Each structure stands twice: as structure tokens, then as C-alpha cells.
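Here's data_30.tsv, which has TSV, C-alpha atoms and all ligand atoms:
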```tsv
chain	number	residue	atom	x	y	z
A	145	MET	CA	84.00	9.01	157.82
A	146	ASN	CA	82.53	9.66	161.21
A	147	SER	CA	84.61	8.68	164.20
A	148	SER	CA	83.47	9.38	167.75
A	149	SER	CA	85.83	12.35	168.09
A	150	THR	CA	84.52	14.17	165.01
A	151	VAL	CA	82.77	17.35	166.10
A	152	ILE	CA	82.02	19.09	162.80
A	153	GLU	CA	81.35	17.18	159.61
A	154	VAL	CA	80.44	19.21	156.53
A	155	GLU	CA	79.84	17.35	153.28
A	156	ALA	CA	79.36	18.79	149.78
A	157	LEU	CA	77.73	21.87	151.30
A	158	THR	CA	76.29	24.38	148.84
A	159	LYS	CA	74.34	27.57	149.38
A	160	HIS	CA	72.86	29.99	146.90
A	161	TYR	CA	70.59	32.99	147.22
A	162	TYR	CA	68.26	34.68	144.77
A	163	SER	CA	69.09	38.31	145.18
A	164	GLY	CA	67.72	41.68	144.05
A	165	PHE	CA	64.69	42.61	141.95
A	166	TRP	CA	65.60	40.19	139.11
A	167	ARG	CA	66.11	37.36	141.60
A	168	LYS	CA	69.58	36.75	140.22
A	169	LYS	CA	71.16	33.54	141.50
A	170	VAL	CA	74.19	34.13	143.73
A	171	GLN	CA	76.21	30.99	144.43
A	172	VAL	CA	77.91	31.57	147.80
A	173	LEU	CA	79.16	28.11	148.81
A	174	ARG	CA	80.23	25.69	146.07
A	175	GLY	CA	80.70	22.30	147.65
A	176	ILE	CA	82.46	22.51	151.00
A	177	ASP	CA	83.91	19.41	152.67
A	178	LEU	CA	85.30	19.95	156.14
A	179	THR	CA	85.94	17.72	159.13
A	180	ILE	CA	86.97	19.09	162.50
A	181	GLN	CA	87.97	16.84	165.38
A	182	GLN	CA	87.39	17.31	169.06
A	183	GLY	CA	89.85	19.74	170.66
A	184	GLU	CA	90.99	21.23	167.37
A	185	THR	CA	91.33	24.97	166.81
A	186	PHE	CA	90.55	25.64	163.17
A	187	GLY	CA	91.15	29.00	161.51
A	188	LEU	CA	89.00	29.93	158.56
A	189	LEU	CA	90.67	32.44	156.25
A	190	GLY	CA	89.43	34.14	153.15
A	191	PRO	CA	88.93	37.51	151.49
A	192	ASN	CA	85.78	39.57	152.06
A	193	GLY	CA	82.73	38.00	150.53
A	194	ALA	CA	84.35	34.53	150.26
A	195	GLY	CA	81.47	32.96	152.20
A	196	LYS	CA	83.01	32.58	155.69
A	197	THR	CA	80.00	33.94	157.58
A	198	THR	CA	77.62	31.88	155.43
A	199	LEU	CA	79.62	28.73	156.18
A	200	ILE	CA	79.71	29.42	159.92
A	201	LYS	CA	75.98	30.17	160.02
A	202	SER	CA	75.27	26.97	158.09
A	203	ILE	CA	77.28	24.99	160.62
A	204	VAL	CA	75.44	26.61	163.55
A	205	GLY	CA	72.17	25.78	161.83
A	206	LEU	CA	71.03	29.38	161.29
A	207	ILE	CA	71.11	29.04	157.51
A	208	ARG	CA	69.54	26.13	155.67
A	209	PRO	CA	71.98	24.77	153.08
A	210	SER	CA	70.87	24.49	149.43
A	211	GLY	CA	72.65	21.12	149.19
A	212	GLY	CA	74.92	18.81	151.11
A	213	SER	CA	74.91	18.24	154.84
A	214	VAL	CA	76.22	19.39	158.19
A	215	SER	CA	76.44	17.25	161.26
A	216	LEU	CA	77.66	18.24	164.71
A	217	PHE	CA	78.71	15.57	167.19
A	218	GLY	CA	77.30	13.15	164.62
A	219	LYS	CA	73.82	14.70	164.78
A	220	ASP	CA	71.65	17.25	163.00
A	221	PRO	CA	72.61	20.77	164.26
A	222	GLN	CA	68.93	21.71	164.55
A	223	THR	CA	68.25	19.42	167.52
A	224	THR	CA	67.99	21.07	170.93
A	225	ARG	CA	70.47	18.75	172.58
A	226	ILE	CA	73.15	19.66	170.03
A	227	ARG	CA	72.40	23.38	170.27
A	228	ALA	CA	72.95	23.24	174.02
A	229	ASN	CA	76.54	22.27	173.28
A	230	ILE	CA	77.37	25.12	170.89
A	231	GLY	CA	78.49	28.67	171.53
A	232	PHE	CA	78.25	31.15	168.67
A	233	LEU	CA	79.65	34.67	168.41
A	234	PRO	CA	78.03	36.36	165.41
A	235	GLU	CA	79.88	38.87	163.24
A	236	THR	CA	77.36	41.59	164.01
A	237	PRO	CA	75.68	40.72	167.29
A	238	SER	CA	72.10	41.91	167.25
A	239	VAL	CA	71.38	42.57	170.87
A	240	TYR	CA	68.65	44.19	172.84
A	241	ALA	CA	69.85	47.79	173.12
A	242	TYR	CA	67.74	48.66	176.14
A	243	LEU	CA	68.76	45.69	178.28
A	244	THR	CA	71.81	45.94	180.47
A	245	GLY	CA	74.69	43.59	179.70
A	246	TYR	CA	73.78	41.56	182.78
A	247	GLU	CA	70.11	41.25	181.78
A	248	PHE	CA	71.12	40.18	178.29
A	249	LEU	CA	73.27	37.35	179.66
A	250	GLN	CA	70.40	36.30	181.95
A	251	LEU	CA	68.11	36.14	178.94
A	252	CYS	CA	70.65	34.08	176.97
A	253	GLY	CA	70.95	31.68	179.91
A	254	GLN	CA	67.17	31.32	180.03
A	255	PHE	CA	67.19	30.29	176.34
A	256	PHE	CA	69.23	27.28	177.46
A	257	SER	CA	66.88	26.74	180.45
A	258	LEU	CA	69.75	27.27	182.88
A	259	PRO	CA	68.45	27.65	186.46
A	260	SER	CA	68.77	31.13	188.04
A	261	SER	CA	71.08	29.76	190.73
A	262	THR	CA	73.54	28.63	188.01
A	263	LEU	CA	73.29	32.00	186.28
A	264	ARG	CA	73.88	33.94	189.51
A	265	GLN	CA	77.20	32.15	189.79
A	266	ARG	CA	78.15	31.90	186.10
A	267	ILE	CA	77.43	35.44	184.88
A	268	PRO	CA	79.92	37.17	187.23
A	269	GLU	CA	82.51	34.51	186.36
A	270	LEU	CA	82.00	35.16	182.66
A	271	LEU	CA	82.11	38.94	183.05
A	272	ASP	CA	85.39	38.50	184.83
A	273	ARG	CA	86.67	36.21	182.11
A	274	VAL	CA	85.89	38.60	179.25
A	275	LYS	CA	87.01	41.57	181.38
A	276	LEU	CA	83.74	43.43	181.37
A	277	SER	CA	83.44	45.33	184.65
A	278	ASP	CA	80.51	45.15	187.05
A	279	THR	CA	79.72	48.78	186.35
A	280	ALA	CA	79.68	48.15	182.59
A	281	ALA	CA	77.41	45.12	183.02
A	282	LYS	CA	74.86	47.35	184.76
A	283	LYS	CA	74.72	49.77	181.83
A	284	GLN	CA	72.35	49.53	178.88
A	285	ILE	CA	73.89	47.87	175.83
A	286	ARG	CA	73.15	50.90	173.63
A	287	THR	CA	75.89	52.79	175.52
A	288	TYR	CA	78.54	50.11	174.79
A	289	SER	CA	81.59	50.62	172.60
A	290	LYS	CA	82.47	48.10	169.88
A	291	GLY	CA	85.02	46.51	172.19
A	292	MET	CA	82.49	46.13	175.04
A	293	MET	CA	79.95	44.64	172.63
A	294	GLN	CA	82.51	42.11	171.48
A	295	ARG	CA	83.27	41.14	175.10
A	296	LEU	CA	79.58	40.80	175.89
A	297	GLY	CA	79.14	38.73	172.73
A	298	PHE	CA	81.91	36.44	173.88
A	299	ALA	CA	80.33	36.03	177.34
A	300	GLN	CA	77.05	35.19	175.59
A	301	ALA	CA	78.78	32.50	173.50
A	302	LEU	CA	80.12	30.89	176.69
A	303	ILE	CA	76.95	31.08	178.83
A	304	ASN	CA	76.06	27.42	178.29
A	305	ASN	CA	79.65	26.21	178.82
A	306	PRO	CA	79.66	24.75	175.29
A	307	GLN	CA	82.03	22.11	173.94
A	308	LEU	CA	82.07	23.71	170.49
A	309	LEU	CA	82.67	27.39	169.80
A	310	LEU	CA	82.09	29.13	166.48
A	311	LEU	CA	83.45	32.66	166.46
A	312	ASP	CA	82.87	34.95	163.49
A	313	GLU	CA	85.59	37.63	163.52
A	314	PRO	CA	86.08	37.72	167.31
A	315	MET	CA	88.96	40.22	166.98
A	316	SER	CA	87.33	42.65	164.60
A	317	GLY	CA	86.98	46.24	165.73
A	318	LEU	CA	89.17	45.75	168.78
A	319	ASP	CA	92.17	47.84	169.74
A	320	PRO	CA	95.51	46.02	170.35
A	321	LEU	CA	94.71	45.50	174.06
A	322	GLY	CA	91.28	44.10	173.28
A	323	ARG	CA	92.77	41.83	170.64
A	324	TYR	CA	95.35	40.57	173.10
A	325	ASP	CA	92.60	39.74	175.62
A	326	VAL	CA	90.54	37.88	173.05
A	327	LYS	CA	93.59	35.96	171.87
A	328	GLU	CA	94.42	34.94	175.44
A	329	LEU	CA	90.82	33.89	176.00
A	330	VAL	CA	90.74	31.73	172.88
A	331	LEU	CA	94.04	30.11	173.93
A	332	GLU	CA	92.60	29.40	177.40
A	333	LEU	CA	89.50	27.80	175.90
A	334	LYS	CA	91.73	25.75	173.62
A	335	GLN	CA	93.67	24.52	176.65
A	336	GLU	CA	90.38	23.50	178.27
A	337	GLY	CA	89.87	21.18	175.33
A	338	LYS	CA	87.10	23.07	173.53
A	339	THR	CA	86.73	22.66	169.81
A	340	ILE	CA	86.99	26.08	168.20
A	341	LEU	CA	86.33	27.32	164.69
A	342	PHE	CA	86.99	30.97	164.09
A	343	ASN	CA	87.87	33.40	161.38
A	344	SER	CA	89.90	36.56	161.54
A	345	HIS	CA	91.53	39.03	159.22
A	346	ILE	CA	94.45	39.22	161.59
A	347	LEU	CA	96.62	36.49	160.19
A	348	SER	CA	99.28	36.74	162.89
A	349	ASP	CA	96.60	35.84	165.46
A	350	ILE	CA	95.49	32.85	163.39
A	351	GLU	CA	99.12	31.82	163.08
A	352	ALA	CA	99.57	31.98	166.85
A	353	ILE	CA	96.36	30.21	167.86
A	354	CYS	CA	95.26	27.64	165.29
A	355	ASP	CA	96.24	24.00	164.78
A	356	ARG	CA	94.85	23.91	161.28
A	357	VAL	CA	93.67	26.46	158.73
A	358	GLY	CA	91.41	26.42	155.72
A	359	LEU	CA	91.34	29.07	153.02
A	360	LEU	CA	87.99	29.88	151.48
A	361	VAL	CA	87.94	31.69	148.12
A	362	ASP	CA	84.72	32.32	146.19
A	363	GLY	CA	82.83	29.61	148.05
A	364	ARG	CA	85.47	26.88	147.77
A	365	ILE	CA	88.09	25.67	150.21
A	366	VAL	CA	91.22	26.00	148.10
A	367	LEU	CA	93.71	25.03	150.78
A	368	GLU	CA	93.52	23.15	154.04
A	369	SER	CA	96.52	22.29	156.14
A	370	PRO	CA	97.97	21.93	159.62
A	371	ILE	CA	99.62	25.24	160.39
A	372	GLU	CA	103.12	23.80	160.98
A	373	GLN	CA	103.16	22.27	157.51
A	374	LEU	CA	102.17	25.55	155.97
A	375	LEU	CA	104.78	27.62	157.73
A	376	HIS	CA	107.96	25.76	156.95
A	377	PRO	CA	110.89	27.40	158.78
A	378	LEU	CA	113.17	27.13	155.71
A	379	ASP	CA	110.62	28.48	153.30
A	380	ASN	CA	112.15	31.84	152.54
A	381	LEU	CA	110.98	34.71	150.41
A	382	TYR	CA	113.07	37.38	148.72
A	383	HIS	CA	112.16	40.92	148.64
A	384	ILE	CA	113.44	43.85	146.54
A	385	VAL	CA	112.78	47.57	146.44
A	386	VAL	CA	113.53	49.30	143.15
A	387	ARG	CA	113.36	52.97	142.27
A	388	LYS	CA	113.22	54.90	138.96
A	389	LEU	CA	111.47	52.09	137.15
A	390	ASP	CA	109.46	52.67	133.93
A	391	SER	CA	106.10	51.04	133.32
A	392	VAL	CA	107.53	48.31	131.03
A	393	GLY	CA	109.94	47.30	133.78
A	394	GLN	CA	107.13	47.34	136.34
A	395	ASN	CA	104.99	45.02	134.24
A	396	ASN	CA	107.88	42.62	133.70
A	397	ILE	CA	108.56	42.45	137.42
A	398	LYS	CA	104.89	41.95	138.16
A	399	ARG	CA	104.96	38.87	135.96
A	400	LEU	CA	108.01	37.40	137.72
A	401	SER	CA	107.02	38.14	141.31
A	402	LEU	CA	104.52	36.77	143.80
A	403	ARG	CA	103.49	40.25	144.71
A	404	CYS	CA	104.42	43.68	143.44
A	405	VAL	CA	103.21	46.96	144.91
A	406	GLU	CA	103.95	50.47	143.77
A	407	GLN	CA	105.04	52.35	146.90
A	408	HIS	CA	105.07	55.67	145.11
A	409	LYS	CA	105.59	56.81	141.52
A	410	GLY	CA	108.40	54.77	139.95
A	411	GLN	CA	109.24	52.85	143.15
A	412	ILE	CA	108.11	49.28	143.62
A	413	GLU	CA	108.39	46.62	146.26
A	414	ALA	CA	108.33	43.06	144.92
A	415	THR	CA	108.40	39.65	146.60
A	416	PHE	CA	109.82	36.49	144.95
A	417	ASN	CA	109.71	32.85	145.96
A	418	SER	CA	113.36	32.09	145.23
A	419	LEU	CA	116.68	33.87	145.11
A	420	ASP	CA	116.92	32.96	141.42
A	421	THR	CA	113.73	34.77	140.45
A	422	ALA	CA	114.68	37.72	142.68
A	423	LEU	CA	117.99	38.05	140.80
A	424	LYS	CA	116.11	37.83	137.50
A	425	GLY	CA	113.85	40.58	138.80
A	426	ILE	CA	116.87	42.75	139.59
A	427	ALA	CA	118.31	42.19	136.09
A	428	VAL	CA	114.97	43.08	134.49
A	429	ALA	CA	114.75	46.21	136.66
A	430	ARG	CA	118.25	47.34	135.64
A	431	GLN	CA	117.41	46.92	131.94
A	432	SER	CA	114.54	49.35	132.48
A	433	GLY	CA	116.71	51.91	134.24
A	434	GLY	CA	115.76	50.83	137.76
A	435	VAL	CA	117.99	51.35	140.77
A	436	LEU	CA	118.06	48.64	143.43
A	437	LEU	CA	117.50	50.08	146.92
A	438	GLU	CA	117.06	46.92	148.94
A	439	LEU	CA	117.35	43.13	148.74
A	440	LYS	CA	116.40	41.06	151.76
A	441	THR	CA	115.08	37.67	152.69
A	442	HIS	CA	112.42	36.74	155.22
A	443	ARG	CA	110.45	33.69	156.30
A	444	ARG	CA	107.20	33.09	154.46
A	445	GLY	CA	104.31	33.93	156.76
A	446	LEU	CA	100.63	33.17	156.61
A	447	GLU	CA	100.03	36.52	154.94
A	448	GLU	CA	102.17	35.71	151.89
A	449	ILE	CA	100.60	32.28	151.59
A	450	PHE	CA	97.19	33.87	151.81
A	451	VAL	CA	97.89	36.41	149.03
A	452	GLU	CA	99.55	33.81	146.80
A	453	GLN	CA	96.78	31.22	147.17
A	454	VAL	CA	93.93	33.69	146.75
A	455	ASN	CA	95.49	35.01	143.53
A	456	LYS	CA	96.12	31.49	142.25
A	457	ALA	CA	92.55	30.36	142.96
A	458	ARG	CA	91.12	33.46	141.28
A	459	GLU	CA	93.29	32.98	138.17
A	460	GLU	CA	92.15	29.37	137.92
A	461	ASN	CA	88.51	30.36	138.28
A	462	ALA	CA	88.73	33.17	135.73
A	501	LIG	N1	71.05	36.86	152.50
A	501	LIG	C1	71.82	37.02	151.42
A	501	LIG	N2	71.28	37.27	150.20
A	501	LIG	C2	72.05	37.41	149.11
A	501	LIG	N3	73.39	37.33	149.10
A	501	LIG	C3	74.00	37.09	150.28
A	501	LIG	C4	73.26	36.93	151.50
A	501	LIG	N4	74.14	36.69	152.50
A	501	LIG	C5	75.37	36.72	151.94
A	501	LIG	N5	75.29	36.97	150.61
A	501	LIG	C6	76.44	37.07	149.68
A	501	LIG	O1	77.27	35.96	149.87
A	501	LIG	C7	78.63	36.30	149.71
A	501	LIG	C8	79.42	35.80	150.92
A	501	LIG	O2	79.02	36.50	152.07
A	501	LIG	P1	79.63	36.19	153.50
A	501	LIG	O3	79.39	34.77	153.85
A	501	LIG	O4	79.10	37.21	154.43
A	501	LIG	O5	81.20	36.42	153.24
A	501	LIG	P2	82.41	36.67	154.25
A	501	LIG	O6	81.93	36.42	155.64
A	501	LIG	O7	83.47	35.71	153.81
A	501	LIG	O8	82.84	38.08	154.04
A	501	LIG	C9	78.67	37.80	149.52
A	501	LIG	O9	78.85	38.06	148.16
A	501	LIG	C10	77.33	38.26	150.01
A	501	LIG	O10	76.93	39.42	149.31
A	502	MG	MG	81.90	37.56	157.33
```

Please go through the file and, once you have read it, give me the structure as C-alpha cells.
Amino acid sequence: MNSSSTVIEVEALTKHYYSGFWRKKVQVLRGIDLTIQQGETFGLLGPNGAGKTTLIKSIVGLIRPSGGSVSLFGKDPQTTRIRANIGFLPETPSVYAYLTGYEFLQLCGQFFSLPSSTLRQRIPELLDRVKLSDTAAKKQIRTYSKGMMQRLGFAQALINNPQLLLLDEPMSGLDPLGRYDVKELVLELKQEGKTILFNSHILSDIEAICDRVGLLVDGRIVLESPIEQLLHPLDNLYHIVVRKLDSVGQNNIKRLSLRCVEQHKGQIEATFNSLDTALKGIAVARQSGGVLLELKTHRRGLEEIFVEQVNKAREENA
């Protein structure tokens, strides 16, 4: 399947490493199939170590897959013409500490053989766009805060005005204001028709920005769906808080619930996927001497789906 509007096509992608002194085999990606169309904003979710960065780097062409294939705009990602159309924000940007932000962007532009006249115009525009001040751009990168680095990294990813953007944790390490700016920027780029693949731990941001999400667990995509199908408005969850509960009661509730956390000794907060199971949970709690403090309902969000699906995938793999 390769229509003219397909931007990313990943087929049966696998990646393993041989790690440590004993060269133990670590299987990081276990057969990934993923198709992303032009203009789509795709959110990649997954717990730490799931393989998100490895997948993104394989798509960019920085990691050679062990098996399977990646094609971008219907071509091999390694070719120069394809690279000129990609912007990549790495998770940990390795930059030249003793260059100024401005010099770094100039250097990045030169990698794409952009003429100096273009760069003289584009760099100030980009600095403005990522809200990095003129004064900051004249300072050496080693003096930058995490937030400034992230903004510079974003400007770098946009230097070649790419059609496809791959952003590895663009919101990480930012304060709420910084996060807001990045979110606005991604939404702007989306409106311009760019194809965007990004991952973030901040699920509310993913919920607000993405058209489609994929959940990666232990090197497999265990769920892939348009966001509006995932977040059904009538899909409610039920939530109880119980106090004075013994350990038998706690274990029984754990078994019935989607999620159960001990808030402090003898007090638990449990989430159920139907009113029926929540009422069962309350009955079980009462049998164990528990006192119900709270019962409420709320709409299922991406976070609950994330926790539920990760647990399910891990149980199935175990
Ligand atoms: N160069 C490498 N050598 C050995 N193992 C690696 C290497 N890079 C990543 N891994 C392992 O692959 C797994 C997935 O890593 P990564 O793709 O960074 O996950 P994520 O971005 O989802 O947190 C981790 O267990 C990590 O330790
Ligand atoms: Mg990562």
C-alpha cells in the first residue's frame, strides 16, 4: 500500500542490539507496521524504554533497522533529497556548546546547502517563531537553560522548511509556559499542512494536538487509532475512595478494578470501567471493613486508556 499521499511507511521493522560485556541480545523493536499520511499529526505513546526513540531514529534514517523497511515519501530515507524534506528534534540534542545559538542555526542551514541570503532572512524568523530572543541567540549554547535548548532545537528542526517533522519529546523539561508555546507551535505547523510525528509523556497535549495515536509497548504497537474514536464522550469511568481497608480487601479490589492506588495506609483510590463493577468494589470493601469516602464518575481520558492498555499488553506478553 503506497499511495501518493503516504509520507511515512514502516513495514515489519525490527531492531536489536547486542549489549554489555556478554553481548546479550536486546530486542527493541519487534515488527512495527505504521503508515502516516500527508498532513497527519501522529502521537506516539509508550512507557519509558518502549522503543519510541529507536523507532523515530529508524524513521529519520539515523539507525539502521535489523529487519523490515522504512520509506519516506515513497523513497529510502537515506537519500539526500528526502533528508532535505525532514526536520528532526532529537530527545537529547547534542549541540556545539561553544557556538552561539545563531551560529549553530547557520551551521545547520549550511548542512542543507541553504544560501546565506536565505539564512539571513530565515534565522531571525525562526528565532521569533520559537520565541528565542536576539540577545539569547548571541549567547553561547553552553549558557542555555533546558527550555532555551529545546527552543533552539525546534528552530534547528525547521531550518530547511521541511514537509515532515519528527519530534522526540518536544515538551520534555519545559515549564508550563514553555509547554504552551511548543503546543501552539505544533498546532501552527499542523495548520500549515506539515506531517508531524511526535511523542510526549504529557497525554493531555497529545489529546489536544494529534489526529491519531499509536501506543508502543515493549517494541510492539499494541493500539493504533484516530483520537476521536479512542475518546468516546459516553465512555465513563467510575472512581471510589475507600478508607480503613485491610490487605485482603485491597487485593480483592485490585482484581476488580482497572487501577488501584494506595493513597496512604489503609486508604485506596480505585477506578472501574462500569458502574456495576464499581458497586461490586464497594460491596467487597464493606465486607473487609472499608468505609466509602467518595464515588464519582468521569470521562475516560487518554491517560486511563494508556494505563489500561499498557497493563493488558504486559500481561499478555508475560
Ligand atoms: N544503543 C543501544 N544499545 C543497547 N540498547 C539500547 C540502545 N539504544 C536503546 N537501547 C535499549 O532499547 C530500549 C528502548 O529504548 P528507547 O528507544 O530509547 O525507548 P523510549 O524512547 O521509548 O524510552 C531500552 O531498553 C534501551 O535500553
Ligand atoms: Mg525516548

With distances taken over all atoms listed in the file, which of A:Gly183, A:His383, A:Gly175, A:Leu367 is nearest to Leu331 of chain A? A:Gly183

Dump the neighbourhood of ligand MG 502 (chain A) as a ChimeraX atom specification: all residues within 9 Å, distances computed on all atoms listed in the file. /A:192-198,200,235,312-313,343

Restricting the calculation to all atoms listed in the file, which member of A:Thr279, A:Ser401, A:Ser210, A:Thr185 is positioned closest to Pro370 of chain A? A:Thr185

Considering only C-alpha atoms and all ligand atoms, can you say which of A:Val451, A:Leu436, A:Glu332, A:His345 comes closest to ligand LIG 501 (chain A)? A:His345

Please identify every polymer residue within 12 Å of ligand LIG 501 (chain A), using only C-alpha atoms and all ligand atoms, and present the set as a ChimeraX atom specification. /A:158-165,167-174,188-202,206-208,234-236,311-313,342-345,359-365

Kindly indicate which residue among A:Ile412, A:Leu276, A:Ile303, A:Leu216 lies nearest to Thr262 of chain A, using all atoms listed in the file for the distances.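 Closest residue, counting all atoms listed in the file: A:Ile303.
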
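Taking atom CA of Val428 of chain A and atom CA of Ala414 of chain A as endpoints, the distance between them is 12.4 Å.
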
Counting all atoms listed in the file, closest pick from A:Ile346, A:Met315, A:Leu402, A:Ile449 relative to Asp379 of chain A is A:Ile449

Report as a ChimeraX atom specification all protein, DNA and RNA residues lying within 10 Å of Ile384 of chain A, evaluated on all atoms listed in the file, omitting residues in the same chain fewer than 4 positions from it. /A:404,412-416,422-423,425-426,436-441

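Coordinates place atom CA of Leu318 of chain A at a distance of 28.5 Å from atom CA of Phe256 of chain A.
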
Can you pull out every residue within 9 Å of segment 211-214 of chain A, counting all atoms listed in the file, but drop anything in the same chain fewer than 5 positions away, and send it as a list in words?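 The residues that qualify are Ile152, Glu153, Val154, Glu155, Ala156, Leu157, Thr158, Lys159, Gly175, Ile176, Ser202, Ile203, Gly205, Lys219, Asp220 and Pro221 of chain A.
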